[in-house]
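K.L.:
What follows is work.cif, made up of mmCIF, C-alpha atoms and all ligand atoms:
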data_my_file
#
loop_
_atom_site.label_atom_id
_atom_site.label_comp_id
_atom_site.auth_asym_id
_atom_site.auth_seq_id
_atom_site.Cartn_x
_atom_site.Cartn_y
_atom_site.Cartn_z
CA MET M 26 7.35 -11.22 28.58
CA ALA M 27 3.78 -10.10 28.13
CA ILE M 28 2.67 -6.53 27.84
CA ARG M 29 1.86 -5.62 31.41
CA SER M 30 -1.75 -4.56 30.93
CA ALA M 31 -3.91 -3.27 28.13
CA PRO M 32 -6.37 -0.45 27.71
CA ALA M 33 -9.95 -0.94 26.57
CA VAL M 34 -10.22 -2.67 23.21
CA THR M 35 -11.53 0.39 21.43
CA ASP M 36 -8.62 2.50 22.65
CA ARG M 37 -6.11 -0.22 21.76
CA ASP M 38 -7.50 -0.39 18.25
CA LEU M 39 -7.53 3.37 17.90
CA TRP M 40 -3.90 3.74 19.01
CA ALA M 41 -2.92 0.85 16.77
CA GLN M 42 -4.51 2.51 13.76
CA TYR M 43 -3.43 6.05 14.63
CA PRO M 44 -0.38 5.74 16.88
CA PHE M 45 0.71 9.30 16.16
CA LEU M 46 -2.25 10.85 18.00
CA PRO M 47 -1.49 12.90 21.09
CA GLY M 48 -1.59 10.65 24.12
CA ALA M 49 -0.12 7.59 22.42
CA GLU M 50 3.31 8.20 23.99
CA ALA M 51 1.68 8.12 27.40
CA LEU M 52 0.17 4.77 26.51
CA LEU M 53 3.64 3.42 25.84
CA ALA M 54 4.76 4.52 29.27
CA GLU M 55 1.66 3.31 31.07
CA TYR M 56 0.72 0.03 29.45
CA SER M 57 3.60 -1.16 27.40
CA PRO M 58 7.15 -2.37 27.80
CA SER M 59 9.95 -0.11 28.89
CA LEU M 60 12.15 1.29 26.17
CA ALA M 61 14.91 -1.14 27.13
CA GLU M 62 12.52 -4.07 26.76
CA LEU M 63 11.26 -2.83 23.43
CA LEU M 64 14.83 -2.57 22.17
CA THR M 65 15.99 -5.99 23.26
CA ALA M 66 13.39 -8.41 24.69
CA PRO M 67 12.81 -11.42 22.41
CA VAL M 68 9.05 -11.16 22.89
CA TYR M 69 9.08 -7.79 21.10
CA ALA M 70 11.04 -9.06 18.12
CA PRO M 71 7.85 -9.06 15.94
CA ALA M 72 7.23 -5.39 16.79
CA ARG M 73 10.84 -4.50 15.99
CA GLU M 74 10.68 -6.37 12.70
CA LEU M 75 7.41 -4.67 11.77
CA GLY M 76 8.99 -1.31 12.67
CA ARG M 77 11.83 -2.02 10.25
CA ILE M 78 9.32 -3.04 7.59
CA ARG M 79 7.43 0.24 8.01
CA VAL M 80 10.56 2.35 7.69
CA ARG M 81 11.87 0.36 4.74
CA ALA M 82 8.51 0.52 2.97
CA ALA M 83 8.41 4.30 3.36
CA ALA M 84 11.98 4.59 2.05
CA ASN M 85 11.07 2.55 -1.02
CA ASP M 86 7.63 4.06 -1.58
CA PRO M 87 7.38 7.57 -0.09
CA THR M 88 3.85 7.95 -1.41
CA GLY M 89 2.64 5.16 0.91
CA THR M 90 0.34 3.77 -1.77
CA ALA M 91 1.68 0.20 -1.71
CA ALA M 92 -0.20 -2.21 0.56
CA LEU M 93 1.67 -3.38 3.64
CA GLY M 94 0.22 -6.80 4.34
CA GLU M 95 2.36 -7.43 7.43
CA LEU M 96 0.94 -4.30 9.01
CA ASP M 97 -2.66 -5.11 8.12
CA ARG M 98 -2.35 -8.58 9.64
CA ALA M 99 -0.55 -7.56 12.84
CA ASP M 100 -2.10 -7.66 16.28
CA PRO M 101 -2.97 -4.12 17.58
CA ASP M 102 -0.24 -4.22 20.25
CA VAL M 103 2.39 -5.20 17.70
CA ARG M 104 1.19 -2.51 15.32
CA PHE M 105 1.36 0.13 17.99
CA LEU M 106 4.80 -0.89 19.25
CA SER M 107 6.13 -1.22 15.70
CA PHE M 108 5.27 2.43 15.13
CA MET M 109 7.17 3.42 18.25
CA TYR M 110 10.15 1.31 17.23
CA ALA M 111 10.10 2.80 13.73
CA ARG M 112 10.32 6.29 15.22
CA LEU M 113 13.32 5.20 17.27
CA LEU M 114 15.01 3.85 14.15
CA LEU M 115 14.39 7.09 12.29
CA SER M 116 15.84 9.02 15.18
CA VAL M 117 19.23 7.38 14.68
CA ALA M 118 19.20 7.42 10.86
CA SER M 119 22.10 9.28 9.29
CA THR M 120 19.88 11.88 7.59
CA SER M 121 16.38 13.26 8.05
CA ALA M 122 15.26 12.16 4.59
CA PRO M 123 13.92 8.74 5.73
CA ALA M 124 11.87 10.46 8.46
CA ARG M 125 10.37 12.79 5.88
CA ARG M 126 9.40 9.88 3.66
CA TRP M 127 8.02 8.05 6.62
CA SER M 128 5.81 11.03 7.54
CA VAL M 129 4.38 11.14 4.05
CA ALA M 130 3.84 7.38 3.76
CA GLU M 131 2.33 6.88 7.21
CA ALA M 132 0.02 9.86 6.74
CA ARG M 133 -1.14 8.47 3.44
CA ARG M 134 -1.84 5.06 4.96
CA ALA M 135 -3.84 6.56 7.82
CA ALA M 136 -5.78 8.77 5.41
CA ASP M 137 -6.79 5.75 3.35
CA ARG M 138 -8.46 4.34 6.44
CA LEU M 139 -9.99 7.70 7.35
CA GLU M 140 -11.53 7.99 3.92
CA ALA M 141 -12.89 4.45 4.23
CA VAL M 142 -14.54 5.18 7.60
CA SER M 143 -15.58 8.76 6.81
CA GLU M 144 -19.11 7.78 5.84
CA ARG M 145 -19.83 4.59 7.77
CA GLN M 146 -17.97 5.40 11.02
CA PRO M 147 -18.01 9.20 11.30
CA ALA M 148 -17.26 9.05 15.04
CA GLU M 149 -13.83 7.57 14.26
CA PHE M 150 -13.19 10.28 11.69
CA THR M 151 -14.23 13.15 13.94
CA GLY M 152 -12.40 11.58 16.90
CA VAL M 153 -9.12 11.52 15.00
CA ALA M 154 -9.69 15.04 13.66
CA ARG M 155 -10.37 16.38 17.16
CA ARG M 156 -7.33 14.66 18.67
CA LEU M 157 -5.16 16.05 15.90
CA GLY M 158 -6.37 19.53 16.78
CA PHE M 159 -8.50 20.08 13.67
CA PRO M 160 -12.06 19.39 14.84
CA ALA M 161 -14.45 18.53 12.02
CA GLU M 162 -18.22 18.32 12.05
CA GLN M 163 -20.08 15.88 9.88
CA THR M 164 -22.61 17.38 7.46
CA ALA M 165 -25.03 15.90 4.95
CA GLY M 166 -22.40 16.13 2.22
CA GLY M 167 -19.15 15.61 4.07
CA TYR M 168 -17.31 17.48 6.84
CA ARG M 169 -16.95 21.08 7.96
CA PHE M 170 -13.69 22.64 9.19
CA SER M 171 -13.18 26.09 10.60
CA LEU M 172 -11.63 28.48 8.08
CA PRO M 173 -8.31 28.85 9.99
CA ASP M 174 -7.98 25.04 10.22
CA TYR M 175 -8.84 24.67 6.55
CA LEU M 176 -6.19 27.22 5.58
CA ARG M 177 -3.58 25.54 7.74
CA LEU M 178 -4.34 22.06 6.42
CA SER M 179 -4.53 23.08 2.78
CA ALA M 180 -1.48 25.38 2.79
CA GLY M 181 0.90 22.60 1.70
CA LEU M 182 -1.45 20.95 -0.81
CA ARG M 183 -0.73 21.45 -4.46
CA GLU M 184 -3.98 20.10 -5.88
CA PRO M 185 -5.89 23.05 -7.39
CA GLU M 186 -9.23 21.75 -6.07
CA PHE M 187 -8.13 22.72 -2.55
CA ARG M 188 -7.75 26.41 -3.36
CA LEU M 189 -10.08 28.45 -1.23
CA VAL M 190 -11.87 29.97 -4.22
CA HIS M 191 -13.21 26.52 -5.09
CA GLN M 192 -14.66 25.83 -1.61
CA ARG M 193 -18.09 26.19 -0.08
CA LEU M 194 -17.49 28.78 2.60
CA ALA M 195 -20.23 29.86 5.01
CA HIS M 196 -20.15 31.46 8.47
CA GLY M 197 -16.40 31.06 8.78
CA GLU M 198 -16.46 27.34 7.98
CA VAL M 199 -15.49 25.31 4.92
CA GLU M 200 -17.46 22.24 3.90
CA VAL M 201 -15.72 19.52 1.89
CA SER M 202 -16.49 16.03 0.64
CA PRO M 203 -15.43 13.02 2.77
CA ALA M 204 -12.54 12.27 0.38
CA ARG M 205 -11.23 15.84 0.61
CA ALA M 206 -11.70 15.85 4.35
CA ALA M 207 -9.52 12.72 4.57
CA ARG M 208 -6.92 14.39 2.35
CA LEU M 209 -6.88 17.42 4.65
CA LEU M 210 -6.37 15.24 7.72
CA GLN M 211 -3.61 13.41 5.85
CA GLU M 212 -1.79 16.72 5.72
CA GLY M 213 -2.47 17.26 9.43
CA ILE M 214 -0.98 13.85 10.20
CA ARG M 215 2.04 14.54 8.00
CA LEU M 216 2.64 17.81 9.82
CA ARG M 217 2.36 16.09 13.17
CA LEU M 218 4.72 13.27 12.23
CA SER M 219 7.24 15.67 10.67
CA SER M 220 7.34 17.75 13.81
CA SER M 221 7.71 14.79 16.19
CA THR M 222 10.21 12.64 14.29
CA PRO M 223 13.05 12.19 14.99
CA ALA M 224 12.56 11.85 18.73
CA GLU M 225 15.09 13.04 21.28
CA LEU M 226 16.98 10.03 22.59
CA GLY M 227 19.43 9.66 25.42
CA ALA M 228 22.98 8.68 24.54
CA ASP M 229 22.52 5.18 25.99
CA VAL M 230 19.45 4.36 23.88
CA ARG M 231 21.04 5.89 20.80
CA ASN M 232 24.24 3.85 21.20
CA ARG M 233 22.34 0.62 21.75
CA LEU M 234 20.13 1.17 18.75
CA GLU M 235 23.00 2.14 16.49
CA ALA M 236 24.85 -0.99 17.53
CA SER M 237 21.94 -3.41 17.23
CA GLU M 238 20.61 -1.94 13.96
CA VAL M 239 23.88 -1.23 12.20
CA ASP M 240 23.00 -3.33 9.14
CA PHE M 241 19.50 -1.94 8.86
CA LEU M 242 20.72 1.65 9.16
CA ARG M 243 23.39 1.08 6.53
CA ASP M 244 20.81 -0.35 4.17
CA LEU M 245 18.48 2.59 4.86
CA ALA M 246 21.21 5.12 4.12
CA GLN M 247 21.74 3.46 0.75
CA ARG M 248 18.04 3.62 -0.13
CA VAL M 249 17.55 7.25 0.93
CA PRO M 250 18.15 9.93 -0.14
CA MET M 251 18.30 8.43 -3.59
CA PRO M 252 16.43 10.79 -5.86
CA THR M 253 12.96 9.52 -6.76
CA GLN M 254 11.55 10.09 -10.18
CA ARG M 255 8.01 11.19 -10.89
CA ARG M 256 5.62 8.51 -12.02
CA GLY M 257 5.59 8.03 -15.75
CA VAL M 258 9.01 9.49 -16.52
CA MET M 259 12.24 7.74 -17.40
CA VAL M 260 14.57 6.57 -14.64
CA LEU M 261 16.28 9.39 -12.82
CA ARG M 262 20.09 9.02 -12.95
CA ALA M 263 21.85 11.11 -10.30
CA GLU M 264 25.21 9.87 -11.55
CA PHE M 265 24.58 11.81 -14.78
CA PHE M 266 24.10 15.16 -13.03
CA PRO M 267 26.60 17.83 -14.16
CA PRO M 268 29.31 19.25 -11.85
CA CYS M 269 27.32 22.40 -11.04
CA ILE M 270 24.26 20.46 -9.84
CA ARG M 271 26.38 17.96 -7.91
CA LYS M 272 28.13 20.85 -6.19
CA MET M 273 24.82 22.53 -5.27
CA ARG M 274 23.51 19.31 -3.74
CA ARG M 275 26.73 18.80 -1.80
CA MET M 276 26.55 22.33 -0.42
CA LEU M 277 23.04 21.81 0.87
CA GLU M 278 23.84 18.37 2.28
CA ARG M 279 26.69 19.92 4.24
CA GLY M 280 24.45 22.66 5.59
CA GLU M 281 26.12 25.40 3.53
CA ASN M 282 24.19 28.34 2.20
CA LEU M 283 23.28 28.26 -1.47
CA SER M 284 22.35 31.51 -3.20
CA HIS M 285 18.80 32.11 -4.41
CA SER M 286 20.01 31.73 -7.99
CA GLY M 287 21.53 28.36 -7.09
CA ARG M 288 18.35 27.20 -5.36
CA PHE M 289 16.28 28.19 -8.35
CA ALA M 290 18.65 26.44 -10.78
CA LEU M 291 18.67 23.26 -8.70
CA ALA M 292 14.88 23.02 -8.40
CA ALA M 293 14.33 23.81 -12.08
CA PHE M 294 16.95 21.22 -13.10
CA LEU M 295 15.66 18.46 -10.81
CA HIS M 296 12.12 19.00 -12.03
CA ARG M 297 13.12 18.90 -15.69
CA VAL M 298 15.02 15.64 -15.27
CA GLY M 299 11.99 14.05 -13.63
CA ALA M 300 12.60 14.24 -9.85
CA ASP M 301 9.40 14.01 -7.84
CA PHE M 302 8.28 16.98 -5.79
CA ASP M 303 9.37 15.57 -2.41
CA THR M 304 12.81 14.67 -3.73
CA ILE M 305 13.27 18.31 -4.69
CA VAL M 306 12.11 19.41 -1.23
CA ASP M 307 14.56 16.90 0.29
CA ALA M 308 17.43 18.49 -1.61
CA TYR M 309 16.92 21.69 0.40
CA ARG M 310 16.48 20.04 3.77
CA GLY M 311 20.10 20.62 4.80
CA ALA M 312 20.00 24.38 4.09
CA PRO M 313 20.73 26.38 7.24
CA ASP M 314 17.52 28.38 6.81
CA PHE M 315 15.37 25.45 5.64
CA ASP M 316 11.65 25.98 6.19
CA GLU M 317 9.39 23.21 4.94
CA GLY M 318 6.40 25.45 4.16
CA ILE M 319 8.38 28.13 2.35
CA SER M 320 10.41 25.56 0.42
CA ARG M 321 7.29 23.72 -0.71
CA TYR M 322 5.69 26.97 -1.79
CA GLN M 323 8.73 28.14 -3.76
CA ILE M 324 9.36 24.75 -5.37
CA GLU M 325 5.73 24.51 -6.33
CA HIS M 326 6.02 27.91 -7.98
CA ILE M 327 9.07 26.80 -9.95
CA THR M 328 7.72 23.40 -10.97
CA GLN M 329 4.07 24.18 -11.71
CA ARG M 330 4.68 26.94 -14.24
CA ASP M 331 3.52 26.39 -17.79
CA GLY M 332 1.13 23.56 -17.02
CA GLY M 333 3.67 21.61 -14.97
CA ARG M 334 6.67 21.92 -17.31
CA GLY M 335 8.28 24.23 -14.82
CA TYR M 336 10.76 27.04 -15.34
CA GLU M 337 13.57 26.52 -17.81
CA PRO M 338 16.82 25.89 -15.90
CA PRO M 339 19.39 28.70 -16.42
CA THR M 340 22.00 28.44 -19.14
CA CYS M 341 25.60 27.51 -18.40
CA GLU M 342 26.60 31.05 -19.27
CA THR M 343 24.23 32.45 -16.66
CA LEU M 344 25.43 29.97 -14.06
CA ARG M 345 29.03 30.91 -14.83
CA SER M 346 28.24 34.60 -14.34
CA GLN M 347 26.70 33.69 -10.97
CA GLY M 348 29.73 31.70 -9.84
CA LEU M 349 27.77 28.46 -9.96
CA CYS M 350 29.56 26.66 -12.79
CA PHE M 351 32.05 24.04 -11.55
CA ARG M 352 33.35 22.68 -14.82
CA ASP M 353 36.93 23.31 -13.66
CA GLY M 354 36.39 21.00 -10.68
CA ASP M 355 35.62 21.57 -7.02
CA PRO M 356 38.79 21.52 -4.89
CA THR M 357 36.72 20.99 -1.73
CA ALA M 358 34.98 17.83 -3.01
CA GLU M 359 35.61 14.55 -1.19
CA ASN M 360 35.28 12.49 -4.35
CA PRO M 361 38.51 12.86 -6.39
CA ALA M 362 36.51 12.76 -9.64
CA ASP M 363 34.63 15.91 -8.58
CA ARG M 364 37.91 17.78 -8.13
CA GLU M 365 38.89 17.32 -11.78
CA PRO M 366 37.73 19.43 -14.76
CA ASP M 367 34.89 17.80 -16.70
CA PRO M 368 35.67 17.69 -20.45
CA ARG M 369 31.96 17.47 -21.37
CA CYS M 370 31.42 20.91 -19.90
CA PHE M 371 33.90 22.41 -22.37
CA ASP M 372 31.87 21.29 -25.38
CA PRO M 373 31.12 24.57 -27.22
CA ASN M 374 27.62 23.29 -28.04
CA LEU M 375 26.68 22.77 -24.40
CA VAL M 376 24.07 25.36 -23.45
CA ARG M 377 22.37 24.08 -20.30
CA PRO M 378 22.98 21.61 -17.46
CA THR M 379 19.97 19.59 -18.61
CA GLN M 380 21.70 19.12 -21.95
CA TYR M 381 24.73 17.70 -20.12
CA TYR M 382 22.43 15.22 -18.38
CA ARG M 383 20.92 14.11 -21.66
CA LEU M 384 24.30 13.80 -23.36
CA LYS M 385 25.43 11.45 -20.62
CA GLY M 386 22.43 9.23 -21.25
CA GLY M 387 19.75 10.68 -18.98
CA ALA M 388 16.19 11.00 -20.20
CA ALA M 389 13.02 12.99 -19.64
CA VAL M 390 14.66 16.26 -20.56
CA GLU M 391 13.15 18.43 -23.24
CA ARG M 392 16.19 20.53 -24.04
S1 LIG M 401 29.40 23.95 -17.99
FE1 LIG M 401 27.22 24.00 -17.61
S2 LIG M 401 26.72 21.92 -17.01
FE2 LIG M 401 28.91 22.10 -16.80
S3 LIG M 401 29.26 22.69 -14.69
FE3 LIG M 401 29.14 24.57 -15.87
S4 LIG M 401 27.02 25.20 -15.74
FE4 LIG M 401 27.11 23.07 -15.15
#
Written as structure tokens, how would this file's structure read?
Ligand code: SF4
P.N.:
Amino acid sequence: MAIRSAPAVTDRDLWAQYPFLPGAEALLAEYSPSLAELLTAPVYAPARELGRIRVRAAANDPTGTAALGELDRADPDVRFLSFMYARLLLSVASTSAPARRWSVAEARRAADRLEAVSERQPAEFTGVARRLGFPAEQTAGGYRFSLPDYLRLSAGLREPEFRLVHQRLAHGEVEVSPARAARLLQEGIRLRLSSSTPAELGADVRNRLEASEVDFLRDLAQRVPMPTQRRGVMVLRAEFFPPCIRKMRRMLERGENLSHSGRFALAAFLHRVGADFDTIVDAYRGAPDFDEGISRYQIEHITQRDGGRGYEPPTCETLRSQGLCFRDGDPTAENPADREPDPRCFDPNLVRPTQYYRLKGGAAVER
């Protein structure tokens, strides 16, 4: 079955490159197959397969830096529909972590193109910026954003060069280089994708997808949320985490409230053992009061201290006084091993949870 009709070539290419832009959903309804056809028709098998590839690639490489040859070679219609199918897959995934990785990876990929076209095809750059709701004006040296848009786009960025004090600010506008402008739009795309994925699906679509993609979804659940280590550090070994840290992660995964002291200890620990920034953010995603912006800000504060070494995780004694030590076992744990006392935690020389991790064979811990 062919796609019923197609928009003008320029629009098709634009939606294929930037399928997250407002209006793309309407294109699916107007020009493309019905949802039922997309889910099952043999002619859309390439789009479904490319959708799986996109989701899997994001799960494996949340930074989105690895090339995705299948995507680059795909016909614009297949590219566009694969994005839609990927969103459907993420909407039935068992946790929101794959969707978060997908937002980051897809935004990065789109920003690479935006940076490439920022000088030779400024109309494409400004068109995407305007559709995203962050209009930018080309200048001799780059692009100008309004101050409120700049502040919104840069709020989640950790790179010091985006701090307002380092910017050229005039008449309520901020001028940045093409590369920084692309980085700002990357953040705008990430915000848009995070707020629109997962999509709301009817029970029928959900059931059909879960049934037809059972193997893919199982595989995805195994890949994510595996903790991801920062580049350049030793392999992160979640199985070496001490009972207190395992308990804190379980609490958040179950949507239980974790005290501020527990949240601080968890972030400081994960950073010291080498978890990447987004893995630490992911750990808090299940908290009942989770707020992406606040979490990113607080985790950045904890991890960027002392030139990036981060705060020292609390001692075992402190954690015990806060009711956060679980060396005697956690009677509520599903895993029988977590219900038992852990002999390593009774070693009189054990001072901190990071020391436990190192004693079990983990690396990248300084003390
Ligand atoms: S003894 Fe230390 S490492 Fe072990 S559970 Fe308690 S706080 Fe964690």
K.L.:
Find the residues of chain M that sit at most 6 Å from ligand LIG 401 (chain M); for each, write down the nearest two atoms and how far apart they are in Å, to one decimal. Count only C-alpha atoms and all ligand atoms. Sort by chain, then by number going up, and give it as a Markdown table.
P.N.:
| residue | atom | partner | partner_atom | distance |
| --- | --- | --- | --- | --- |
| M:Pro267 | CA | M:LIG401 | S2 | 5.0 |
| M:Pro268 | CA | M:LIG401 | S3 | 4.5 |
| M:Cys269 | CA | M:LIG401 | S3 | 4.1 |
| M:Cys341 | CA | M:LIG401 | S4 | 3.8 |
| M:Leu344 | CA | M:LIG401 | S4 | 5.3 |
| M:Cys350 | CA | M:LIG401 | FE3 | 3.7 |
| M:Phe351 | CA | M:LIG401 | S3 | 4.4 |
| M:Arg352 | CA | M:LIG401 | S3 | 4.1 |
| M:Cys370 | CA | M:LIG401 | S1 | 4.1 |
| M:Arg377 | CA | M:LIG401 | FE1 | 5.5 |
| M:Pro378 | CA | M:LIG401 | S2 | 3.8 |
| M:Tyr381 | CA | M:LIG401 | S2 | 5.6 |
K.L.:
Can you spit out the residues from that selection as a short mmCIF file (atom, residue, chain, number, x, y, z; two decimals), in the frame of the given file, using C-alpha atoms?
P.N.:
data_model
loop_
_atom_site.label_atom_id
_atom_site.label_comp_id
_atom_site.auth_asym_id
_atom_site.auth_seq_id
_atom_site.Cartn_x
_atom_site.Cartn_y
_atom_site.Cartn_z
CA PRO M 267 26.60 17.83 -14.16
CA PRO M 268 29.31 19.25 -11.85
CA CYS M 269 27.32 22.40 -11.04
CA CYS M 341 25.60 27.51 -18.40
CA LEU M 344 25.43 29.97 -14.06
CA CYS M 350 29.56 26.66 -12.79
CA PHE M 351 32.05 24.04 -11.55
CA ARG M 352 33.35 22.68 -14.82
CA CYS M 370 31.42 20.91 -19.90
CA ARG M 377 22.37 24.08 -20.30
CA PRO M 378 22.98 21.61 -17.46
CA TYR M 381 24.73 17.70 -20.12
#
K.L.:
Could you pull the residues within 9 Å of Ile270 (chain M), counting all atoms listed in the file, minus those fewer than 3 positions along the same chain, as a PyMOL selection string?
P.N.:
chain M and resi 266-267+273-275+287+290-291+294-295+349-351+378
K.L.:
Taking C-alpha atoms for each residue, export the selection above as a PDB file, in the frame of the given file.
P.N.:
ATOM      1  CA  PHE M 266      24.100  15.160 -13.030  1.00  0.00           C
ATOM      2  CA  PRO M 267      26.600  17.830 -14.160  1.00  0.00           C
ATOM      3  CA  MET M 273      24.820  22.530  -5.270  1.00  0.00           C
ATOM      4  CA  ARG M 274      23.510  19.310  -3.740  1.00  0.00           C
ATOM      5  CA  ARG M 275      26.730  18.800  -1.800  1.00  0.00           C
ATOM      6  CA  GLY M 287      21.530  28.360  -7.090  1.00  0.00           C
ATOM      7  CA  ALA M 290      18.650  26.440 -10.780  1.00  0.00           C
ATOM      8  CA  LEU M 291      18.670  23.260  -8.700  1.00  0.00           C
ATOM      9  CA  PHE M 294      16.950  21.220 -13.100  1.00  0.00           C
ATOM     10  CA  LEU M 295      15.660  18.460 -10.810  1.00  0.00           C
ATOM     11  CA  LEU M 349      27.770  28.460  -9.960  1.00  0.00           C
ATOM     12  CA  CYS M 350      29.560  26.660 -12.790  1.00  0.00           C
ATOM     13  CA  PHE M 351      32.050  24.040 -11.550  1.00  0.00           C
ATOM     14  CA  PRO M 378      22.980  21.610 -17.460  1.00  0.00           C
TER      15      PRO M 378
END
K.L.:
Which residue out of M:Glu144, M:Glu74, M:Asp363, M:Glu131 has the minimum interatomic distance to Leu106 (chain M) when only C-alpha atoms are used?
P.N.:
M:Glu74
K.L.:
Enter the distance from CA of Leu245 (chain M) to CA of Leu64 (chain M), in Å, rounded to one decimal.
P.N.:
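Value for the CA of Leu245 (chain M)-CA of Leu64 (chain M) distance: 18.4 Å.
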K.L.:
Restricting the calculation to only C-alpha atoms, which member of M:Arg133, M:His285, M:Arg271, M:His191 is positioned closest to Glu212 (chain M)?
P.N.:
M:Arg133
K.L.:
Mind giving me the straight-line distance from CA of Arg205 (chain M) to CA of Ile327 (chain M) in Å, one decimal?
P.N.:
25.4 Å
K.L.:
Give me the residues within 12 Å of Val153 (chain M) as a PyMOL selection string, counting only C-alpha atoms and dropping any in the same chain fewer than 3 places off.
P.N.:
chain M and resi 36+39-40+42-48+135-136+138-140+142-143+146-150+156-162+206-207+210-211+213-214
K.L.:
For the residues in that selection, give me C-alpha atoms as an mmCIF file, keeping the file's coordinate frame.
P.N.:
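Result file follows (again.cif):
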data_model
loop_
_atom_site.group_PDB
_atom_site.id
_atom_site.type_symbol
_atom_site.label_atom_id
_atom_site.label_comp_id
_atom_site.auth_asym_id
_atom_site.auth_seq_id
_atom_site.Cartn_x
_atom_site.Cartn_y
_atom_site.Cartn_z
ATOM 1 C CA ASP M 36 -8.620 2.500 22.650
ATOM 2 C CA LEU M 39 -7.530 3.370 17.900
ATOM 3 C CA TRP M 40 -3.900 3.740 19.010
ATOM 4 C CA GLN M 42 -4.510 2.510 13.760
ATOM 5 C CA TYR M 43 -3.430 6.050 14.630
ATOM 6 C CA PRO M 44 -0.380 5.740 16.880
ATOM 7 C CA PHE M 45 0.710 9.300 16.160
ATOM 8 C CA LEU M 46 -2.250 10.850 18.000
ATOM 9 C CA PRO M 47 -1.490 12.900 21.090
ATOM 10 C CA GLY M 48 -1.590 10.650 24.120
ATOM 11 C CA ALA M 135 -3.840 6.560 7.820
ATOM 12 C CA ALA M 136 -5.780 8.770 5.410
ATOM 13 C CA ARG M 138 -8.460 4.340 6.440
ATOM 14 C CA LEU M 139 -9.990 7.700 7.350
ATOM 15 C CA GLU M 140 -11.530 7.990 3.920
ATOM 16 C CA VAL M 142 -14.540 5.180 7.600
ATOM 17 C CA SER M 143 -15.580 8.760 6.810
ATOM 18 C CA GLN M 146 -17.970 5.400 11.020
ATOM 19 C CA PRO M 147 -18.010 9.200 11.300
ATOM 20 C CA ALA M 148 -17.260 9.050 15.040
ATOM 21 C CA GLU M 149 -13.830 7.570 14.260
ATOM 22 C CA PHE M 150 -13.190 10.280 11.690
ATOM 23 C CA ARG M 156 -7.330 14.660 18.670
ATOM 24 C CA LEU M 157 -5.160 16.050 15.900
ATOM 25 C CA GLY M 158 -6.370 19.530 16.780
ATOM 26 C CA PHE M 159 -8.500 20.080 13.670
ATOM 27 C CA PRO M 160 -12.060 19.390 14.840
ATOM 28 C CA ALA M 161 -14.450 18.530 12.020
ATOM 29 C CA GLU M 162 -18.220 18.320 12.050
ATOM 30 C CA ALA M 206 -11.700 15.850 4.350
ATOM 31 C CA ALA M 207 -9.520 12.720 4.570
ATOM 32 C CA LEU M 210 -6.370 15.240 7.720
ATOM 33 C CA GLN M 211 -3.610 13.410 5.850
ATOM 34 C CA GLY M 213 -2.470 17.260 9.430
ATOM 35 C CA ILE M 214 -0.980 13.850 10.200
#
K.L.:
Measure the distance from CA of Phe265 (chain M) to CA of Gly387 (chain M) in Å and round it to one decimal.
P.N.:
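Between CA of Phe265 (chain M) and CA of Gly387 (chain M) the gap is 6.5 Å.
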K.L.:
Mind dumping a table of every region 202-283 of chain M residue within 12 Å of region 317-326 of chain M, with the nearest atom pair and its distance in Å to one decimal, using all atoms listed in the file, sorted by chain and rising number, as a Markdown table?
P.N.:
| residue | atom | partner | partner_atom | distance |
| --- | --- | --- | --- | --- |
| M:Arg215 | CA | M:Glu317 | CA | 11.8 |
| M:Leu216 | CA | M:Glu317 | CA | 9.9 |
| M:Ser219 | CA | M:Glu317 | CA | 9.7 |
| M:Ser220 | CA | M:Glu317 | CA | 10.6 |
K.L.:
Once you add 8 Å to each side, what are the centre and edge lengths of the axis-aligned box holding all listed atoms of region 324-327 of chain M? One decimal in Å, as AutoDock Vina command-line options, if you can.
P.N.:
--center_x 7.5 --center_y 26.2 --center_z -7.7 --size_x 19.6 --size_y 19.4 --size_z 20.6
K.L.:
Around (-1.4, 24.5, 0.6) in the file's frame, which residues reach within 10 Å when counting only C-alpha atoms? Return as a list in words?
P.N.:
Tyr175, Leu176, Arg177, Leu178, Ser179, Ala180, Gly181, Leu182, Arg183, Glu184, Pro185, Phe187, Arg188, Leu189, Leu209, Glu212, Gly318, Arg321, Tyr322 and Glu325 of chain M
K.L.:
Using C-alpha atoms, can you write the selected residues to a file as an mmCIF file, in the coordinates of the input?
P.N.:
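Output file result_10.cif follows:
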data_model
loop_
_atom_site.group_PDB
_atom_site.id
_atom_site.type_symbol
_atom_site.label_atom_id
_atom_site.label_comp_id
_atom_site.auth_asym_id
_atom_site.auth_seq_id
_atom_site.Cartn_x
_atom_site.Cartn_y
_atom_site.Cartn_z
ATOM 1 C CA TYR M 175 -8.840 24.670 6.550
ATOM 2 C CA LEU M 176 -6.190 27.220 5.580
ATOM 3 C CA ARG M 177 -3.580 25.540 7.740
ATOM 4 C CA LEU M 178 -4.340 22.060 6.420
ATOM 5 C CA SER M 179 -4.530 23.080 2.780
ATOM 6 C CA ALA M 180 -1.480 25.380 2.790
ATOM 7 C CA GLY M 181 0.900 22.600 1.700
ATOM 8 C CA LEU M 182 -1.450 20.950 -0.810
ATOM 9 C CA ARG M 183 -0.730 21.450 -4.460
ATOM 10 C CA GLU M 184 -3.980 20.100 -5.880
ATOM 11 C CA PRO M 185 -5.890 23.050 -7.390
ATOM 12 C CA PHE M 187 -8.130 22.720 -2.550
ATOM 13 C CA ARG M 188 -7.750 26.410 -3.360
ATOM 14 C CA LEU M 189 -10.080 28.450 -1.230
ATOM 15 C CA LEU M 209 -6.880 17.420 4.650
ATOM 16 C CA GLU M 212 -1.790 16.720 5.720
ATOM 17 C CA GLY M 318 6.400 25.450 4.160
ATOM 18 C CA ARG M 321 7.290 23.720 -0.710
ATOM 19 C CA TYR M 322 5.690 26.970 -1.790
ATOM 20 C CA GLU M 325 5.730 24.510 -6.330
#
